[in-house]
>>> print(open('input.cif').read())   # mmCIF, C-alpha atoms
data_target
#
loop_
_atom_site.label_atom_id
_atom_site.label_comp_id
_atom_site.auth_asym_id
_atom_site.auth_seq_id
_atom_site.Cartn_x
_atom_site.Cartn_y
_atom_site.Cartn_z
CA MET A 118 98.46 108.77 103.78
CA GLY A 119 95.15 107.16 104.77
CA PRO A 120 95.09 104.38 107.40
CA ILE A 121 94.87 101.56 104.85
CA CYS A 122 97.73 103.06 102.91
CA ARG A 123 99.86 103.46 106.03
CA ALA A 124 99.39 99.81 106.95
CA ALA A 125 100.09 98.70 103.41
CA GLY A 126 103.28 100.73 103.38
CA VAL A 127 104.47 98.82 106.42
CA ALA A 128 103.37 95.61 104.72
CA LEU A 129 105.58 96.36 101.78
CA VAL A 130 108.68 96.40 103.94
CA CYS A 131 108.23 93.71 106.54
CA ALA A 132 106.30 90.90 104.91
CA LEU A 133 109.48 89.35 103.55
CA ALA A 134 111.75 90.34 106.42
CA ALA A 135 113.33 86.99 107.24
CA PRO A 136 115.34 87.19 110.44
CA SER A 137 119.11 87.09 110.07
CA THR A 138 119.96 85.02 113.12
CA ALA A 139 122.53 82.46 114.16
CA LEU A 140 119.77 80.48 115.87
CA ALA A 141 118.92 78.54 112.68
CA ASN A 142 121.30 76.02 111.19
CA PRO A 143 123.37 77.21 108.20
CA ARG A 144 121.52 75.05 105.67
CA SER A 145 118.15 76.50 106.61
CA VAL A 146 119.55 80.05 106.44
CA GLU A 147 121.04 79.42 102.98
CA LEU A 148 117.83 77.89 101.66
CA ARG A 149 115.85 80.88 102.89
CA ARG A 150 118.24 83.26 101.19
CA GLN A 151 117.92 81.34 97.96
CA GLY A 152 114.16 81.44 98.35
CA PHE A 153 114.08 85.19 98.72
CA VAL A 154 116.16 85.63 95.57
CA HIS A 155 113.51 83.58 93.77
CA ALA A 156 110.73 85.62 95.39
CA TYR A 157 112.22 88.97 94.34
CA ASN A 158 112.43 87.56 90.80
CA LEU A 159 108.70 86.68 90.99
CA ASP A 160 109.52 82.97 90.83
CA TYR A 161 107.11 82.03 93.61
CA GLY A 162 107.09 78.27 92.95
CA GLU A 163 110.85 78.04 93.26
CA ALA A 164 110.74 80.27 96.33
CA MET A 165 108.18 78.05 98.05
CA SER A 166 110.26 74.96 97.32
CA SER A 167 113.32 76.56 98.92
CA PHE A 168 111.35 77.66 101.98
CA GLN A 169 109.83 74.23 102.49
CA GLN A 170 113.30 72.69 102.22
CA ALA A 171 114.44 75.17 104.86
CA ILE A 172 111.74 73.93 107.22
CA ALA A 173 112.84 70.36 106.59
CA ALA A 174 116.48 71.32 107.25
CA ASP A 175 115.59 72.94 110.58
CA PRO A 176 112.02 72.49 111.89
CA GLN A 177 112.89 74.75 114.84
CA ASP A 178 113.79 77.76 112.66
CA PRO A 179 110.95 80.31 112.97
CA GLY A 180 112.34 82.23 110.00
CA ALA A 181 111.61 79.32 107.65
CA TYR A 182 107.94 79.20 108.67
CA ARG A 183 107.66 82.95 108.42
CA ALA A 184 109.13 82.83 104.92
CA VAL A 185 106.35 80.45 103.83
CA ALA A 186 103.78 82.75 105.42
CA ALA A 187 105.33 85.73 103.67
CA LEU A 188 105.02 84.05 100.31
CA ALA A 189 101.37 83.18 101.00
CA TRP A 190 100.75 86.84 101.90
CA LEU A 191 102.53 88.00 98.76
CA GLU A 192 100.38 85.80 96.56
CA LEU A 193 97.24 87.10 98.24
CA ILE A 194 98.30 90.69 97.61
CA TYR A 195 99.50 89.87 94.10
CA ARG A 196 96.18 88.31 93.16
CA ARG A 197 94.45 91.48 94.31
CA GLY A 198 96.70 93.68 92.18
CA SER A 199 98.61 95.51 94.91
CA ILE A 200 101.87 95.46 92.97
CA THR A 201 103.24 99.02 92.76
CA VAL A 202 103.86 101.99 95.02
CA ASP A 203 100.82 103.88 93.66
CA GLY A 204 98.64 102.94 96.61
CA TYR A 205 101.30 103.91 99.10
CA LEU A 206 101.72 107.32 97.50
CA GLY A 207 98.08 108.22 97.88
CA GLY A 208 95.76 105.67 99.39
CA THR A 209 94.51 103.37 96.63
CA ASN A 210 95.53 100.20 98.40
CA GLN A 211 92.42 99.27 100.32
CA PRO A 212 91.53 95.58 100.76
CA ASN A 213 89.47 95.49 97.52
CA LEU A 214 86.57 93.70 99.13
CA LYS A 215 84.72 93.59 95.81
CA LEU A 216 87.18 90.88 94.74
CA GLY A 217 85.62 88.59 97.33
CA PRO A 218 87.18 86.77 100.27
CA PRO A 219 90.79 85.62 99.89
CA PRO A 220 91.38 81.99 98.85
CA ALA A 221 90.98 79.73 101.87
CA ASP A 222 94.06 77.66 101.06
CA LEU A 223 96.32 80.71 101.07
CA VAL A 224 94.74 82.03 104.27
CA THR A 225 95.35 78.68 105.96
CA LEU A 226 98.91 78.54 104.65
CA PHE A 227 99.64 81.99 106.03
CA GLN A 228 97.98 81.52 109.41
CA THR A 229 99.46 78.09 110.07
CA ASN A 230 102.99 79.19 109.33
CA VAL A 231 102.95 82.62 110.96
CA GLN A 232 101.52 81.16 114.17
CA GLU A 233 104.20 78.47 114.19
CA ALA A 234 106.86 81.14 113.64
CA ILE A 235 105.51 83.13 116.59
CA ARG A 236 105.35 80.02 118.80
CA LEU A 237 108.95 79.04 118.06
CA ALA A 238 110.22 82.61 118.44
CA GLU A 239 108.44 83.06 121.78
CA ALA A 240 110.05 79.86 123.01
CA GLN A 241 113.47 81.15 121.99
CA VAL A 242 112.92 84.46 123.78
CA GLU A 243 111.76 82.61 126.90
CA ARG A 244 114.99 80.61 126.91
CA ARG A 245 117.21 83.57 125.99
CA PRO A 246 115.39 86.80 126.95
CA SER A 247 118.33 89.06 126.10
CA ASP A 248 119.36 87.38 122.84
CA PRO A 249 119.08 89.92 119.99
CA GLY A 250 118.54 87.17 117.42
CA ALA A 251 115.63 85.64 119.31
CA ILE A 252 114.01 89.03 119.93
CA TYR A 253 114.48 89.98 116.29
CA SER A 254 112.79 86.79 115.15
CA LEU A 255 109.78 87.37 117.41
CA GLY A 256 109.39 90.99 116.32
CA ALA A 257 109.52 90.01 112.66
CA ALA A 258 106.88 87.31 113.11
CA VAL A 259 104.36 89.42 115.03
CA GLY A 260 105.00 92.30 112.64
CA GLN A 261 104.01 90.08 109.77
CA LEU A 262 100.77 89.15 111.53
CA ALA A 263 99.96 92.84 112.05
CA VAL A 264 100.48 93.51 108.36
CA TYR A 265 98.22 90.63 107.34
CA VAL A 266 95.39 91.77 109.59
CA ALA A 267 95.58 95.28 108.14
CA THR A 268 96.03 94.49 104.45
CA VAL A 269 94.07 91.27 103.94
CA ASP A 270 91.44 91.42 106.68
CA GLY A 271 91.16 95.20 106.40
CA ARG A 272 91.16 95.61 110.20
CA ILE A 273 93.67 98.38 110.77
CA PHE A 274 93.26 98.59 114.52
CA GLY A 275 92.96 94.82 114.80
CA GLY A 276 96.70 94.56 114.22
CA PHE A 277 97.67 97.47 116.46
CA LYS A 278 98.85 95.38 119.40
CA ALA A 279 101.04 93.17 117.22
CA ALA A 280 102.45 96.21 115.41
CA ARG A 281 103.46 97.85 118.69
CA ARG A 282 105.01 94.58 119.85
CA ALA A 283 107.07 94.31 116.65
CA PHE A 284 108.23 97.93 116.92
CA ASP A 285 109.31 97.52 120.55
CA ALA A 286 111.07 94.22 119.84
CA HIS A 287 113.24 95.62 117.07
CA GLU A 288 114.00 98.80 118.99
CA ARG A 289 115.21 96.49 121.77
CA VAL A 290 117.40 94.56 119.31
CA MET A 291 119.16 97.78 118.30
CA GLU A 292 119.70 98.66 121.99
CA LEU A 293 121.27 95.27 122.66
CA ASP A 294 123.39 95.13 119.50
CA ALA A 295 124.02 98.34 117.58
CA SER A 296 125.55 96.35 114.72
CA ARG A 297 122.18 94.74 113.91
CA ARG A 298 121.20 97.30 111.33
CA ASP A 299 118.77 94.83 109.80
CA ALA A 300 116.63 95.52 112.89
CA ALA A 301 116.20 99.14 111.72
CA LEU A 302 113.68 98.18 109.05
CA ILE A 303 110.45 97.99 111.07
CA PRO A 304 111.26 100.89 113.47
CA GLY A 305 112.37 103.05 110.56
CA THR A 306 109.18 102.33 108.64
CA TYR A 307 106.85 102.97 111.56
CA ARG A 308 108.71 106.14 112.48
CA TYR A 309 108.24 107.47 108.96
CA VAL A 310 104.56 106.53 109.01
CA VAL A 311 104.02 108.29 112.35
CA ALA A 312 105.88 111.38 111.14
CA SER A 313 103.51 111.53 108.14
CA LEU A 314 100.34 111.56 110.25
CA GLY A 315 98.28 114.61 111.14
CA THR A 316 99.08 116.35 114.41
CA PHE A 317 96.35 114.74 116.54
CA THR A 318 96.87 111.24 115.19
CA ARG A 319 100.63 111.64 115.55
CA TRP A 320 100.29 112.53 119.22
CA MET A 321 98.01 109.53 119.73
CA ALA A 322 100.70 107.34 118.16
CA TYR A 323 103.32 108.81 120.48
CA LEU A 324 101.11 108.13 123.49
CA ALA A 325 100.70 104.54 122.29
CA GLY A 326 104.46 104.14 122.20
CA PHE A 327 105.33 104.62 118.53
CA GLY A 328 108.26 106.94 117.88
CA GLY A 329 108.36 109.35 114.97
CA GLY A 330 110.86 111.63 113.26
CA ARG A 331 111.00 111.72 109.47
CA GLU A 332 114.76 112.24 109.12
CA ARG A 333 115.54 109.68 111.81
CA ALA A 334 113.29 107.21 110.02
CA ILE A 335 115.07 107.71 106.70
CA GLN A 336 118.47 107.37 108.37
CA LEU A 337 117.43 104.07 109.93
CA LEU A 338 116.19 102.74 106.61
CA GLU A 339 119.29 103.90 104.77
CA SER A 340 121.49 102.11 107.30
CA CYS A 341 119.44 98.94 106.79
CA ALA A 342 119.64 99.26 103.00
CA ALA A 343 123.44 99.51 103.20
CA TYR A 344 123.76 96.43 105.43
CA PRO A 345 123.97 92.97 103.81
CA SER A 346 121.09 90.90 105.15
CA ASP A 347 117.93 89.10 104.09
CA VAL A 348 115.99 92.34 104.51
CA GLN A 349 118.33 94.57 102.51
CA PRO A 350 116.20 94.42 99.33
CA GLU A 351 113.07 95.29 101.31
CA ALA A 352 114.81 98.27 102.88
CA LYS A 353 115.72 99.47 99.40
CA LEU A 354 112.16 99.08 98.16
CA THR A 355 110.91 101.00 101.18
CA LEU A 356 113.30 103.80 100.40
CA VAL A 357 112.07 103.86 96.79
CA LEU A 358 108.60 104.53 98.16
CA ILE A 359 109.77 107.13 100.66
CA TYR A 360 112.10 108.88 98.23
CA SER A 361 109.19 109.09 95.78
CA ARG A 362 106.95 110.64 98.43
CA GLU A 363 109.73 113.08 99.32
CA ARG A 364 110.34 113.77 95.60
CA ARG A 365 113.94 112.58 95.86
CA PHE A 366 113.63 110.81 92.55
CA ASP A 367 117.33 110.54 91.70
CA GLN A 368 117.95 108.53 94.86
CA ALA A 369 114.96 106.31 94.14
CA MET A 370 116.20 105.65 90.61
CA ARG A 371 119.69 104.70 91.78
CA LEU A 372 118.17 102.02 94.00
CA LEU A 373 115.89 100.75 91.24
CA ASP A 374 118.72 100.66 88.70
CA ALA A 375 120.72 98.39 91.00
CA MET A 376 117.75 96.16 91.77
CA ARG A 377 116.92 95.62 88.10
CA GLY A 378 120.41 94.20 87.69
CA GLN A 379 120.07 92.05 90.78
CA TYR A 380 116.59 90.69 89.99
CA PRO A 381 116.37 90.66 86.20
CA ARG A 382 113.22 88.50 86.04
CA ASN A 383 111.13 90.94 88.08
CA ARG A 384 109.30 92.87 85.37
CA LEU A 385 107.62 95.05 88.00
CA LEU A 386 110.95 96.74 88.72
CA TRP A 387 110.84 98.11 85.16
CA LEU A 388 107.30 99.37 85.78
CA GLU A 389 108.39 101.14 88.99
CA SER A 390 111.49 102.52 87.29
CA GLY A 391 109.44 103.97 84.45
CA ALA A 392 106.91 105.48 86.85
CA THR A 393 109.63 107.00 89.03
CA THR A 394 111.47 108.44 86.03
CA PHE A 395 108.22 109.94 84.76
CA ARG A 396 107.49 111.50 88.14
CA ALA A 397 110.95 113.05 87.95
CA GLY A 398 109.94 114.75 84.69
CA HIS A 399 111.78 112.58 82.15
CA PRO A 400 109.06 111.08 79.94
CA ALA A 401 111.34 109.90 77.10
CA GLU A 402 113.51 107.89 79.49
CA ALA A 403 110.37 106.64 81.24
CA LEU A 404 108.95 105.39 77.94
CA ALA A 405 112.07 103.34 77.21
CA LEU A 406 111.82 101.66 80.61
CA VAL A 407 108.08 100.98 80.36
CA ASP A 408 108.41 99.65 76.80
CA THR A 409 111.12 97.24 77.93
CA GLY A 410 109.07 96.11 80.89
CA MET A 411 105.92 95.71 78.83
CA ALA A 412 107.77 93.44 76.40
CA MET A 413 108.86 91.38 79.41
CA PHE A 414 105.26 91.27 80.61
CA GLN A 415 103.92 90.14 77.24
CA ASN A 416 106.55 87.39 76.90
CA ASP A 417 106.32 86.18 80.50
CA PRO A 418 104.31 82.95 80.81
CA ARG A 419 104.06 83.20 84.59
CA PRO A 420 100.77 84.19 86.25
CA LYS A 421 100.03 87.90 86.21
CA ALA A 422 98.63 90.05 88.97
CA PHE A 423 95.01 91.19 88.98
CA GLY A 424 94.71 94.21 86.69
CA GLU A 425 98.38 94.13 85.74
CA ALA A 426 97.84 94.34 81.96
CA ALA A 427 95.60 97.38 82.38
CA LEU A 428 98.17 98.98 84.67
CA TRP A 429 100.94 98.60 82.08
CA HIS A 430 98.72 100.16 79.39
CA TYR A 431 97.68 103.04 81.65
CA LYS A 432 101.27 103.79 82.65
CA ARG A 433 102.53 103.82 79.08
CA GLY A 434 99.51 105.77 77.90
CA ALA A 435 100.16 108.51 80.45
CA VAL A 436 103.80 108.81 79.34
CA LEU A 437 102.74 108.96 75.68
CA VAL A 438 100.26 111.75 76.48
CA ALA A 439 103.08 113.78 78.02
CA LEU A 440 105.23 113.12 74.95
CA GLY A 441 102.46 114.25 72.60
CA GLN A 442 102.12 110.85 70.92
CA ARG A 443 98.34 111.04 70.88
CA GLU A 444 97.43 108.09 68.69
CA ARG A 445 99.58 105.59 70.59
CA ALA A 446 98.44 107.08 73.88
CA GLY A 447 94.79 106.64 72.98
CA GLN A 448 95.34 103.00 72.03
CA ASP A 449 96.96 102.21 75.36
CA LEU A 450 94.43 104.11 77.43
CA ARG A 451 91.43 102.54 75.72
CA ALA A 452 93.03 99.14 76.26
CA ALA A 453 93.36 99.94 79.97
CA LEU A 454 89.61 100.58 80.12
CA GLU A 455 88.74 97.34 78.35
CA LEU A 456 90.88 95.05 80.49
CA GLU A 457 90.23 93.65 83.98
CA ALA A 458 91.35 96.32 86.44
CA HIS A 459 90.72 98.19 89.65
CA ASP A 460 88.56 101.29 89.36
CA TRP A 461 91.46 103.59 90.24
CA ILE A 462 93.35 102.40 87.14
CA ARG A 463 90.27 102.95 84.98
CA GLY A 464 89.76 106.33 86.59
CA ARG A 465 93.28 107.52 85.91
CA ALA A 466 93.09 106.22 82.34
CA GLN A 467 89.91 108.27 81.89
CA VAL A 468 91.76 111.36 83.12
CA GLU A 469 94.49 110.81 80.54
CA LEU A 470 91.85 110.40 77.81
CA GLY A 471 90.41 113.69 79.00
CA LYS A 472 93.78 115.29 78.36
CA LEU A 473 93.75 113.94 74.81
CA ALA A 474 90.27 115.40 74.29
CA ASP A 475 91.46 118.78 75.57
CA LEU A 476 94.42 118.68 73.19
CA ALA A 477 92.01 117.89 70.34
CA GLY A 478 89.92 120.97 71.22
CA SER A 479 86.92 119.04 72.56
CA ARG A 480 86.42 120.60 75.97
CA ALA A 481 83.02 118.99 76.53
CA ALA A 482 84.40 115.49 75.92
CA ALA A 483 87.38 116.28 78.11
CA LYS A 484 85.21 117.40 81.01
CA ALA A 485 83.07 114.28 80.69
CA ALA A 486 86.17 112.09 80.84
CA TYR A 487 87.54 113.96 83.87
CA ALA A 488 84.20 113.59 85.65
CA ARG A 489 84.13 109.84 84.94
CA GLY A 490 87.72 109.58 86.11
CA ALA A 491 87.00 111.42 89.34
CA GLU A 492 84.05 109.15 90.11
CA LEU A 493 86.01 105.95 89.46
CA CYS A 494 88.95 107.14 91.58
CA ARG A 495 86.60 108.22 94.36
CA ARG A 496 84.95 104.81 94.29
CA ASP A 497 88.34 103.13 94.79
CA SER A 498 89.59 105.52 97.52
CA ASP A 499 92.19 107.23 95.31
CA PRO A 500 92.30 110.84 96.60
CA LEU A 501 95.23 111.90 94.43
CA GLY A 502 93.47 110.63 91.32
CA VAL A 503 90.34 112.52 92.34
CA ALA A 504 92.32 115.71 92.98
CA ASP A 505 94.02 115.49 89.57
CA ALA A 506 90.71 114.94 87.79
CA GLU A 507 89.01 117.83 89.59
CA ARG A 508 91.92 120.17 88.87
CA LEU A 509 91.71 119.37 85.16
CA LEU A 510 87.93 119.79 85.22
CA ARG A 511 88.51 123.37 86.34
CA GLN A 512 91.47 124.40 84.22
CA GLY A 513 91.79 121.91 81.39
CA TYR A 514 94.97 120.51 79.86
CA THR A 515 97.12 122.34 77.33
CA GLY A 516 100.18 120.12 77.19
CA THR A 517 102.23 122.72 79.04
CA ASN A 518 100.70 121.94 82.43
CA GLY A 519 101.45 118.25 82.17
CA THR A 520 104.13 117.83 84.82
CA PRO A 521 103.29 114.44 86.32
CA SER A 522 101.54 114.64 89.65
CA ARG A 523 102.53 112.30 92.48
CA GLN A 524 99.70 109.94 91.64
CA TYR A 525 101.25 108.63 88.40
#
>>> encode(input="input.cif", output="structure tokens")
Amino acid sequence: MGPICRAAGVALVCALAAPSTALANPRSVELRRQGFVHAYNLDYGEAMSSFQQAIAADPQDPGAYRAVAALAWLELIYRRGSITVDGYLGGTNQPNLKLGPPPADLVTLFQTNVQEAIRLAEAQVERRPSDPGAIYSLGAAVGQLAVYVATVDGRIFGGFKAARRAFDAHERVMELDASRRDAALIPGTYRYVVASLGTFTRWMAYLAGFGGGRERAIQLLESCAAYPSDVQPEAKLTLVLIYSRERRFDQAMRLLDAMRGQYPRNRLLWLESGATTFRAGHPAEALALVDTGMAMFQNDPRPKAFGEAALWHYKRGAVLVALGQRERAGQDLRAALELEAHDWIRGRAQVELGKLADLAGSRAAAKAAYARGAELCRRDSDPLGVADAERLLRQGYTGTNGTPSRQY
């Protein structure tokens, strides 16, 4: 994974990691938990109301302020269209600077609340330096700041110090209290990221104090996903990403199946489920999932993410190409090109249109589409999309070499 992608992968798993700690009063804890249920269902207004009530119930609870900051971060990312695991599989999730600076009100909302969360957590650690709950809360808050700096500001190394601080804090929590498996989330994620780096970069990470170990990382995340806590859903989503990268699709689908039942208003879980099923080589099952999710999308009056409509059409179009339903596929893919979208979505849609041209016997048109797709993907830092386009430029598409690549 590229550096932006690595930071975004960490963002995916710790932005909503509200600390499970006895330091806050029970009402604040319950309101935060209600808020996260709303957030995972994409009901951001209801989530914000719950988080603000949590602050009112306990103004000294750093987790309540961090929850508000997390929601502000989520809306920033959502508006920029970073809504699926595609970027984390191959590097498409750069800050999208062409969309302009982030809205000032959301930036202020994030910064005000994350800084207050850090201030309160630092005060708790000063009073109780060996309290696992206080240390957990501080690590979660500074980890969130590191993620923001990397994914919104686009300054990967600008958040390095905070990232190391978060990693060390949660490693310390697990040393002090082995039962705190919720503290495994950030160390497990960073360990997996480090294990995925090239040799030189990995050694630099070790020297800087970040541990690695792919299997150890997955074990930590699996223990967190099995442990009831505020961060349990995020651990599961992280494992969906990692299982997809490791091509352990059956395990990813089991997690997604359960989450669709738990958060039935989150249409994006149907999109991820369809994509994961397609990567596993089951296009008919993938189509059923994407069709269901697309109906949810079309009937959902809530605000949509940047480029989301195009993404739905591209995903379904790619499945239809694999199923040989050329007319329907062409309709979806052309729609993806006409709608507001990131260049990587347009690029991948062009590649799928190239496949249709190859199947129709028009090699010249196919090569032109692959070339356009490669250029669009290259422009949006999508190396897997570029590789797929260049492979098809060389060898073409016959319908028998259509096993989905990891970039779908």
>>> resolve_selection(input="input.cif", expression="the PyMOL selection byres ((chain A and resi 152) around 6)", output="tab-separated table (two decimals) with C-alpha atoms, in the coordinates of the input")
chain	number	residue	atom	x	y	z
A	149	ARG	CA	115.85	80.88	102.89
A	150	ARG	CA	118.24	83.26	101.19
A	151	GLN	CA	117.92	81.34	97.96
A	153	PHE	CA	114.08	85.19	98.72
A	154	VAL	CA	116.16	85.63	95.57
A	155	HIS	CA	113.51	83.58	93.77
A	164	ALA	CA	110.74	80.27	96.33
A	167	SER	CA	113.32	76.56	98.92
A	168	PHE	CA	111.35	77.66	101.98
>>> resolve_selection(input="input.cif", expression="the PyMOL selection byres ((chain A and resi 392-409) around 10)", output="number ranges by chain")
A: 201-203, 357-358, 360-361, 364-367, 369-370, 373, 384-391, 410-414, 429-430, 432-440, 519-525
>>> residues_around(input="input.cif", residues="region 298-303 of chain A", least_positions_apart="3", cutoff="7 Å", atoms="all atoms listed in the file", output="ChimeraX atom specification")
/A:131,253,284,287,290-291,295,306-307,337-338,340-341,344,346,348,352
>>> axis_aligned_box(input="input.cif", around="region 297-316 of chain A", padding_each_side="5 Å", output="JSON")
{"center_x": 110.2, "center_y": 105.5, "center_z": 111.3, "size_x": 33.9, "size_y": 31.6, "size_z": 16.3}
>>> atom_distance(input="input.cif", atom1="CA of Leu510 (chain A)", atom2="CA of Ser313 (chain A)")
28.9 Å
>>> atom_distance(input="input.cif", atom1="CA of Ala488 (chain A)", atom2="CA of Gly441 (chain A)")
22.5 Å
>>> closest_residue(input="input.cif", among="A:Glu492, A:Glu192, A:Glu147, A:Glu444", to="Ala422 (chain A)", atoms="all atoms listed in the file")
A:Glu192
>>> resolve_selection(input="input.cif", expression="the PyMOL selection byres ((chain A and resi 456) around 8)", output="PyMOL selection string")
chain A and resi 424+426-427+452-455+457-458
>>> closest_residue(input="input.cif", among="A:Gly180, A:Pro500, A:Gly198, A:Pro420", to="Gly162 (chain A)", atoms="all atoms listed in the file")
A:Pro420
>>> closest_residue(input="input.cif", among="A:Val242, A:Ile462, A:Ile252, A:Leu188", to="Tyr265 (chain A)", atoms="only C-alpha atoms")
A:Leu188
>>> closest_residue(input="input.cif", among="A:Tyr309, A:Phe227, A:Tyr161, A:Tyr487", to="Ala506 (chain A)", atoms="all atoms listed in the file")
A:Tyr487
>>> atom_distance(input="input.cif", atom1="CA of Arg371 (chain A)", atom2="CA of Gly329 (chain A)")
26.2 Å
>>> residues_around(input="input.cif", residues="Ser145 (chain A)", least_positions_apart="5", cutoff="6 Å", atoms="all atoms listed in the file", output="ChimeraX atom specification")
/A:171,174-175
>>> closest_residue(input="input.cif", among="A:Ala446, A:Val503, A:Ile335, A:Val259", to="Ala491 (chain A)", atoms="all atoms listed in the file")
A:Val503
>>> residues_around(input="input.cif", residues="Ile194 (chain A)", least_positions_apart="6", cutoff="10 Å", atoms="all atoms listed in the file", output="VMD selection string")
chain A and resid 188 200 210 212 219 265 268 to 269 422 to 423
>>> closest_residue(input="input.cif", among="A:Arg297, A:Arg236, A:Arg382, A:Arg308", to="Arg281 (chain A)", atoms="only C-alpha atoms")
A:Arg308
>>> residues_around(input="input.cif", residues="Arg480 (chain A)", least_positions_apart="6", cutoff="9 Å", atoms="only C-alpha atoms", output="PyMOL selection string")
chain A and resi 471+474+513
>>> build_atoms(input="input.cif", residues="region 152-168 of chain A", atoms="N, CA and C atoms", output="JSON list (two decimals), in the coordinates of the input")
[["chain", "number", "residue", "atom", "x", "y", "z"],
["A", 152, "GLY", "N", 115.59, 81.25, 98.57],
["A", 152, "GLY", "CA", 114.16, 81.44, 98.35],
["A", 152, "GLY", "C", 113.79, 82.89, 98.14],
["A", 153, "PHE", "N", 114.41, 83.79, 98.88],
["A", 153, "PHE", "CA", 114.08, 85.19, 98.72],
["A", 153, "PHE", "C", 114.59, 85.75, 97.39],
["A", 154, "VAL", "N", 115.71, 85.23, 96.90],
["A", 154, "VAL", "CA", 116.16, 85.63, 95.57],
["A", 154, "VAL", "C", 115.11, 85.22, 94.53],
["A", 155, "HIS", "N", 114.59, 84.01, 94.66],
["A", 155, "HIS", "CA", 113.51, 83.58, 93.77],
["A", 155, "HIS", "C", 112.28, 84.49, 93.92],
["A", 156, "ALA", "N", 111.93, 84.81, 95.16],
["A", 156, "ALA", "CA", 110.73, 85.62, 95.39],
["A", 156, "ALA", "C", 110.86, 87.00, 94.77],
["A", 157, "TYR", "N", 112.03, 87.65, 94.92],
["A", 157, "TYR", "CA", 112.22, 88.97, 94.34],
["A", 157, "TYR", "C", 112.26, 88.93, 92.82],
["A", 158, "ASN", "N", 112.50, 87.74, 92.25],
["A", 158, "ASN", "CA", 112.43, 87.56, 90.80],
["A", 158, "ASN", "C", 111.05, 87.11, 90.34],
["A", 159, "LEU", "N", 110.08, 87.09, 91.25],
["A", 159, "LEU", "CA", 108.70, 86.68, 90.99],
["A", 159, "LEU", "C", 108.58, 85.19, 90.67],
["A", 160, "ASP", "N", 109.57, 84.41, 91.02],
["A", 160, "ASP", "CA", 109.52, 82.97, 90.83],
["A", 160, "ASP", "C", 108.99, 82.32, 92.12],
["A", 161, "TYR", "N", 107.69, 82.43, 92.34],
["A", 161, "TYR", "CA", 107.11, 82.03, 93.61],
["A", 161, "TYR", "C", 107.16, 80.52, 93.83],
["A", 162, "GLY", "N", 107.01, 79.72, 92.78],
["A", 162, "GLY", "CA", 107.09, 78.27, 92.95],
["A", 162, "GLY", "C", 108.44, 77.83, 93.45],
["A", 163, "GLU", "N", 109.49, 78.37, 92.83],
["A", 163, "GLU", "CA", 110.85, 78.04, 93.26],
["A", 163, "GLU", "C", 111.11, 78.54, 94.67],
["A", 164, "ALA", "N", 110.58, 79.72, 94.99],
["A", 164, "ALA", "CA", 110.74, 80.27, 96.33],
["A", 164, "ALA", "C", 110.09, 79.36, 97.37],
["A", 165, "MET", "N", 108.87, 78.92, 97.10],
["A", 165, "MET", "CA", 108.18, 78.05, 98.05],
["A", 165, "MET", "C", 108.94, 76.75, 98.26],
["A", 166, "SER", "N", 109.49, 76.19, 97.19],
["A", 166, "SER", "CA", 110.26, 74.96, 97.32],
["A", 166, "SER", "C", 111.46, 75.17, 98.23],
["A", 167, "SER", "N", 112.17, 76.28, 98.06],
["A", 167, "SER", "CA", 113.32, 76.56, 98.92],
["A", 167, "SER", "C", 112.90, 76.74, 100.37],
["A", 168, "PHE", "N", 111.79, 77.42, 100.61],
["A", 168, "PHE", "CA", 111.35, 77.66, 101.98],
["A", 168, "PHE", "C", 110.91, 76.35, 102.66]]
